[in-house]
Amino acid sequence: MTISNQFPNAMGSPITEDDIANYLANTPDFFERHAELLAAVQLSSPHSQRAVSLQERQATLLREKIRMLEQRIMDMIRNVNENMVLSDKLLQWAQTLFLNADSQVLPQLIADELANQFSVPQVGIKVWGVTPQFQSCNFALGVSEDAKSFATSLTEPFCGVNTGLEAINWLPEPQAAVSLAILPLRGLPVAGSTRGGLAPAFGLLVLASPDAQRFNSTMGTDFLARIAELASAALTRLR
C-alpha cells in the first residue's frame, strides 16, 4: 500500500505533514509492518540534550502521566482524610454542646470548644432575643441594632479581612484579629419570612485569626454553615 493510494489528490503536489499524519492514523498496522522504524526514529529528550527512540520518548511521557495521576490520587486521599478529621471534630464539638445542662454557660462553651477543637485563636459570640433570665448575661449585652440588622442580612457565613465591624469588639483581643469568619445564628424559617425563607438572626459567632489567609474571601463556607446550624440549634433553649 502506498501513500498515493491513500491520498490520490496528492499526486502532482507535495505531500504535507497532515497527509502523513492522516495516513498513519488511518493505517494502524503500518508500524506492525515496519516495526524497525520505531527504534530508528530519534527524538529530543525533554529531560536532557540527548536523542532517544520514539519508544523511549513515549515511555517517558507515560511515566510522567502516571506520576501526575498518582499525585492526584494522593491529593484526593489527603483531602478525604482531612475531611474525616474535621467531621470527627465537629461531632465531638456537637456532643459537648448537647450534653451540657447549664444553659447560662452554653454560649461561652460554644466559643471555647470551637477554639479548642478547631485551633481558632479567637472566638466571640453574642445572642439576643433571649428569655428574661438570660438578658443580663454578658453574651446578651452590648449588641446594637445595627449589629442585629447586619447579622440578619447575612445569608451565609462571611469570610474576609478585618474591616472594623462592631462584632470585632466581642473578641478577647480585637487588635490581633486580621482575618475573620462571621457566622449568623438563626432559628428555623418562619411562615411569611422574606430573604428566601430565612428566619431573622438571633446571634453572631465571630472567629478570628492573626493569619490573613486563615479566613479569606475565596474559601468555601459549607463547613462554617454547619457549625452555625448546630450552634443555632443548641442555643434555642435560651430563647
# chains A, B, ... in the order shown; residues from 1 in each chain; ligands from 1
>>> select_by_dssp(residues="stretch 56-216 of chain A", states="strand (DSSP E or B)", output="number ranges by chain")
A: 122-127, 158-161, 179-186, 201-209
>>> residues_around(residues="stretch 166-171 of chain A", least_positions_apart="5", cutoff="7 Å", atoms="only C-alpha atoms", output="list in words")
Gln122, Val123, Gly124, Ile125, Ala147 and Val206 of chain A
>>> select_by_dssp(residues="stretch 78-186 of chain A", states="helix (DSSP H, G or I)", output="ChimeraX atom specification")
/A:78-99,103-118,132-134,138-140,145-153,166-170,174-176
>>> residues_around(residues="stretch 214-229 of chain A", least_positions_apart="4", cutoff="8 Å", atoms="only C-alpha atoms", output="PyMOL selection string")
chain A and resi 90+156-161+179-181+183-186+205+208-209+233
>>> write_last_selection(atoms="C-alpha atoms", output="mmCIF file, in the first residue's frame")
data_model
loop_
_atom_site.group_PDB
_atom_site.id
_atom_site.type_symbol
_atom_site.label_atom_id
_atom_site.label_comp_id
_atom_site.auth_asym_id
_atom_site.auth_seq_id
_atom_site.Cartn_x
_atom_site.Cartn_y
_atom_site.Cartn_z
ATOM 1 C CA LEU A 90 -17.425 18.581 64.529
ATOM 2 C CA GLU A 156 -24.219 32.701 54.643
ATOM 3 C CA PRO A 157 -21.040 32.963 56.711
ATOM 4 C CA PHE A 158 -18.816 35.920 55.841
ATOM 5 C CA CYS A 159 -15.075 35.391 55.463
ATOM 6 C CA GLY A 160 -12.529 38.132 54.867
ATOM 7 C CA VAL A 161 -10.209 40.703 56.387
ATOM 8 C CA SER A 179 -8.953 37.689 59.142
ATOM 9 C CA LEU A 180 -12.490 36.839 60.226
ATOM 10 C CA ALA A 181 -15.317 34.381 59.782
ATOM 11 C CA LEU A 183 -21.466 33.218 61.283
ATOM 12 C CA PRO A 184 -25.101 34.307 61.655
ATOM 13 C CA LEU A 185 -27.125 32.278 64.143
ATOM 14 C CA ARG A 186 -30.789 31.851 63.311
ATOM 15 C CA LEU A 205 -20.360 33.860 66.071
ATOM 16 C CA ALA A 208 -10.685 35.456 64.174
ATOM 17 C CA SER A 209 -7.054 34.792 63.364
ATOM 18 C CA ALA A 233 -29.943 24.547 67.388
#
>>> atom_distance(atom1="atom CA of A:Ala151", atom2="atom CA of A:Val127")
10.8 Å
>>> residues_around(residues="A:Asn100", least_positions_apart="5", cutoff="12 Å", atoms="only C-alpha atoms", output="ChimeraX atom specification")
/A:93-95,105-110,113,234-235,237
>>> atom_distance(atom1="atom CA of A:Thr27", atom2="atom CA of A:Pro14")
20.1 Å
>>> residues_around(residues="A:Pro210", least_positions_apart="4", cutoff="6 Å", atoms="only C-alpha atoms", output="ChimeraX atom specification")
/A:176-178
>>> decode(residues="stretch 105-121 of chain A", atoms="all heavy atoms", output="PDB file, in the first residue's frame")
ATOM      1  N   VAL A 105     -24.077  28.908  80.612  1.00  0.00           N
ATOM      2  CA  VAL A 105     -22.676  28.861  80.169  1.00  0.00           C
ATOM      3  C   VAL A 105     -22.555  28.357  78.730  1.00  0.00           C
ATOM      4  O   VAL A 105     -21.441  28.283  78.193  1.00  0.00           O
ATOM      5  CB  VAL A 105     -21.823  27.961  81.096  1.00  0.00           C
ATOM      6  CG1 VAL A 105     -21.894  28.462  82.532  1.00  0.00           C
ATOM      7  CG2 VAL A 105     -22.243  26.505  81.004  1.00  0.00           C
ATOM      8  N   LEU A 106     -23.690  28.021  78.108  1.00  0.00           N
ATOM      9  CA  LEU A 106     -23.650  27.422  76.779  1.00  0.00           C
ATOM     10  C   LEU A 106     -22.967  28.307  75.732  1.00  0.00           C
ATOM     11  O   LEU A 106     -22.119  27.813  74.968  1.00  0.00           O
ATOM     12  CB  LEU A 106     -25.064  27.062  76.325  1.00  0.00           C
ATOM     13  CG  LEU A 106     -25.178  26.407  74.944  1.00  0.00           C
ATOM     14  CD1 LEU A 106     -24.359  25.133  74.872  1.00  0.00           C
ATOM     15  CD2 LEU A 106     -26.639  26.129  74.605  1.00  0.00           C
ATOM     16  N   PRO A 107     -23.288  29.612  75.613  1.00  0.00           N
ATOM     17  CA  PRO A 107     -22.609  30.422  74.594  1.00  0.00           C
ATOM     18  C   PRO A 107     -21.086  30.420  74.730  1.00  0.00           C
ATOM     19  O   PRO A 107     -20.367  30.279  73.729  1.00  0.00           O
ATOM     20  CB  PRO A 107     -23.198  31.821  74.805  1.00  0.00           C
ATOM     21  CG  PRO A 107     -24.551  31.560  75.383  1.00  0.00           C
ATOM     22  CD  PRO A 107     -24.346  30.387  76.292  1.00  0.00           C
ATOM     23  N   GLN A 108     -20.598  30.576  75.972  1.00  0.00           N
ATOM     24  CA  GLN A 108     -19.146  30.571  76.167  1.00  0.00           C
ATOM     25  C   GLN A 108     -18.566  29.190  75.896  1.00  0.00           C
ATOM     26  O   GLN A 108     -17.450  29.066  75.383  1.00  0.00           O
ATOM     27  CB  GLN A 108     -18.806  31.015  77.589  1.00  0.00           C
ATOM     28  CG  GLN A 108     -17.321  31.286  77.799  1.00  0.00           C
ATOM     29  CD  GLN A 108     -16.792  32.361  76.856  1.00  0.00           C
ATOM     30  OE1 GLN A 108     -17.399  33.418  76.694  1.00  0.00           O
ATOM     31  NE2 GLN A 108     -15.660  32.082  76.218  1.00  0.00           N
ATOM     32  N   LEU A 109     -19.333  28.141  76.198  1.00  0.00           N
ATOM     33  CA  LEU A 109     -18.885  26.779  75.913  1.00  0.00           C
ATOM     34  C   LEU A 109     -18.739  26.579  74.403  1.00  0.00           C
ATOM     35  O   LEU A 109     -17.775  25.954  73.938  1.00  0.00           O
ATOM     36  CB  LEU A 109     -19.872  25.764  76.489  1.00  0.00           C
ATOM     37  CG  LEU A 109     -19.544  24.288  76.250  1.00  0.00           C
ATOM     38  CD1 LEU A 109     -18.258  23.908  76.981  1.00  0.00           C
ATOM     39  CD2 LEU A 109     -20.705  23.396  76.708  1.00  0.00           C
ATOM     40  N   ILE A 110     -19.698  27.112  73.639  1.00  0.00           N
ATOM     41  CA  ILE A 110     -19.620  27.031  72.182  1.00  0.00           C
ATOM     42  C   ILE A 110     -18.331  27.677  71.683  1.00  0.00           C
ATOM     43  O   ILE A 110     -17.612  27.116  70.849  1.00  0.00           O
ATOM     44  CB  ILE A 110     -20.850  27.702  71.539  1.00  0.00           C
ATOM     45  CG1 ILE A 110     -22.096  26.835  71.752  1.00  0.00           C
ATOM     46  CG2 ILE A 110     -20.629  27.964  70.056  1.00  0.00           C
ATOM     47  CD1 ILE A 110     -23.390  27.483  71.279  1.00  0.00           C
ATOM     48  N   ALA A 111     -18.051  28.875  72.194  1.00  0.00           N
ATOM     49  CA  ALA A 111     -16.853  29.605  71.771  1.00  0.00           C
ATOM     50  C   ALA A 111     -15.572  28.875  72.179  1.00  0.00           C
ATOM     51  O   ALA A 111     -14.642  28.715  71.377  1.00  0.00           O
ATOM     52  CB  ALA A 111     -16.871  31.016  72.351  1.00  0.00           C
ATOM     53  N   ASP A 112     -15.523  28.418  73.423  1.00  0.00           N
ATOM     54  CA  ASP A 112     -14.309  27.759  73.927  1.00  0.00           C
ATOM     55  C   ASP A 112     -14.027  26.458  73.175  1.00  0.00           C
ATOM     56  O   ASP A 112     -12.874  26.171  72.825  1.00  0.00           O
ATOM     57  CB  ASP A 112     -14.443  27.474  75.422  1.00  0.00           C
ATOM     58  CG  ASP A 112     -14.431  28.739  76.264  1.00  0.00           C
ATOM     59  OD1 ASP A 112     -14.015  29.794  75.737  1.00  0.00           O
ATOM     60  OD2 ASP A 112     -14.851  28.679  77.435  1.00  0.00           O
ATOM     61  N   GLU A 113     -15.080  25.676  72.944  1.00  0.00           N
ATOM     62  CA  GLU A 113     -14.883  24.399  72.261  1.00  0.00           C
ATOM     63  C   GLU A 113     -14.513  24.578  70.792  1.00  0.00           C
ATOM     64  O   GLU A 113     -13.770  23.783  70.224  1.00  0.00           O
ATOM     65  CB  GLU A 113     -16.135  23.531  72.404  1.00  0.00           C
ATOM     66  CG  GLU A 113     -16.327  22.959  73.802  1.00  0.00           C
ATOM     67  CD  GLU A 113     -15.162  22.066  74.209  1.00  0.00           C
ATOM     68  OE1 GLU A 113     -14.784  21.177  73.434  1.00  0.00           O
ATOM     69  OE2 GLU A 113     -14.611  22.279  75.305  1.00  0.00           O
ATOM     70  N   LEU A 114     -15.040  25.624  70.157  1.00  0.00           N
ATOM     71  CA  LEU A 114     -14.623  25.928  68.785  1.00  0.00           C
ATOM     72  C   LEU A 114     -13.135  26.241  68.748  1.00  0.00           C
ATOM     73  O   LEU A 114     -12.403  25.768  67.864  1.00  0.00           O
ATOM     74  CB  LEU A 114     -15.421  27.117  68.238  1.00  0.00           C
ATOM     75  CG  LEU A 114     -16.772  26.830  67.598  1.00  0.00           C
ATOM     76  CD1 LEU A 114     -17.446  28.136  67.178  1.00  0.00           C
ATOM     77  CD2 LEU A 114     -16.609  25.932  66.375  1.00  0.00           C
ATOM     78  N   ALA A 115     -12.702  27.053  69.690  1.00  0.00           N
ATOM     79  CA  ALA A 115     -11.280  27.418  69.747  1.00  0.00           C
ATOM     80  C   ALA A 115     -10.409  26.190  69.980  1.00  0.00           C
ATOM     81  O   ALA A 115      -9.360  26.031  69.342  1.00  0.00           O
ATOM     82  CB  ALA A 115     -11.061  28.452  70.850  1.00  0.00           C
ATOM     83  N   ASN A 116     -10.861  25.291  70.863  1.00  0.00           N
ATOM     84  CA  ASN A 116     -10.056  24.114  71.195  1.00  0.00           C
ATOM     85  C   ASN A 116     -10.066  23.069  70.094  1.00  0.00           C
ATOM     86  O   ASN A 116      -9.022  22.545  69.705  1.00  0.00           O
ATOM     87  CB  ASN A 116     -10.564  23.493  72.502  1.00  0.00           C
ATOM     88  CG  ASN A 116     -10.326  24.389  73.704  1.00  0.00           C
ATOM     89  OD1 ASN A 116      -9.410  25.215  73.700  1.00  0.00           O
ATOM     90  ND2 ASN A 116     -11.150  24.259  74.727  1.00  0.00           N
ATOM     91  N   GLN A 117     -11.253  22.753  69.592  1.00  0.00           N
ATOM     92  CA  GLN A 117     -11.373  21.674  68.608  1.00  0.00           C
ATOM     93  C   GLN A 117     -10.763  22.030  67.256  1.00  0.00           C
ATOM     94  O   GLN A 117     -10.179  21.185  66.580  1.00  0.00           O
ATOM     95  CB  GLN A 117     -12.849  21.292  68.414  1.00  0.00           C
ATOM     96  CG  GLN A 117     -13.500  20.621  69.606  1.00  0.00           C
ATOM     97  CD  GLN A 117     -13.026  19.188  69.796  1.00  0.00           C
ATOM     98  OE1 GLN A 117     -12.314  18.627  68.968  1.00  0.00           O
ATOM     99  NE2 GLN A 117     -13.405  18.595  70.919  1.00  0.00           N
ATOM    100  N   PHE A 118     -10.919  23.297  66.850  1.00  0.00           N
ATOM    101  CA  PHE A 118     -10.501  23.684  65.506  1.00  0.00           C
ATOM    102  C   PHE A 118      -9.327  24.667  65.498  1.00  0.00           C
ATOM    103  O   PHE A 118      -9.024  25.260  64.465  1.00  0.00           O
ATOM    104  CB  PHE A 118     -11.691  24.284  64.752  1.00  0.00           C
ATOM    105  CG  PHE A 118     -12.860  23.344  64.645  1.00  0.00           C
ATOM    106  CD1 PHE A 118     -13.950  23.464  65.487  1.00  0.00           C
ATOM    107  CD2 PHE A 118     -12.844  22.311  63.721  1.00  0.00           C
ATOM    108  CE1 PHE A 118     -15.022  22.584  65.403  1.00  0.00           C
ATOM    109  CE2 PHE A 118     -13.912  21.437  63.619  1.00  0.00           C
ATOM    110  CZ  PHE A 118     -15.003  21.566  64.466  1.00  0.00           C
ATOM    111  N   SER A 119      -8.698  24.840  66.642  1.00  0.00           N
ATOM    112  CA  SER A 119      -7.496  25.687  66.743  1.00  0.00           C
ATOM    113  C   SER A 119      -7.740  27.086  66.198  1.00  0.00           C
ATOM    114  O   SER A 119      -6.952  27.624  65.410  1.00  0.00           O
ATOM    115  CB  SER A 119      -6.315  25.036  66.007  1.00  0.00           C
ATOM    116  OG  SER A 119      -6.024  23.771  66.545  1.00  0.00           O
ATOM    117  N   VAL A 120      -8.845  27.683  66.612  1.00  0.00           N
ATOM    118  CA  VAL A 120      -9.163  29.058  66.225  1.00  0.00           C
ATOM    119  C   VAL A 120      -8.613  29.985  67.316  1.00  0.00           C
ATOM    120  O   VAL A 120      -8.982  29.844  68.489  1.00  0.00           O
ATOM    121  CB  VAL A 120     -10.679  29.269  66.078  1.00  0.00           C
ATOM    122  CG1 VAL A 120     -10.976  30.699  65.643  1.00  0.00           C
ATOM    123  CG2 VAL A 120     -11.252  28.279  65.067  1.00  0.00           C
ATOM    124  N   PRO A 121      -7.736  30.925  66.974  1.00  0.00           N
ATOM    125  CA  PRO A 121      -7.109  31.769  68.001  1.00  0.00           C
ATOM    126  C   PRO A 121      -8.106  32.549  68.858  1.00  0.00           C
ATOM    127  O   PRO A 121      -7.927  32.666  70.069  1.00  0.00           O
ATOM    128  CB  PRO A 121      -6.223  32.716  67.179  1.00  0.00           C
ATOM    129  CG  PRO A 121      -5.895  31.935  65.951  1.00  0.00           C
ATOM    130  CD  PRO A 121      -7.141  31.156  65.632  1.00  0.00           C
TER     131      PRO A 121
END
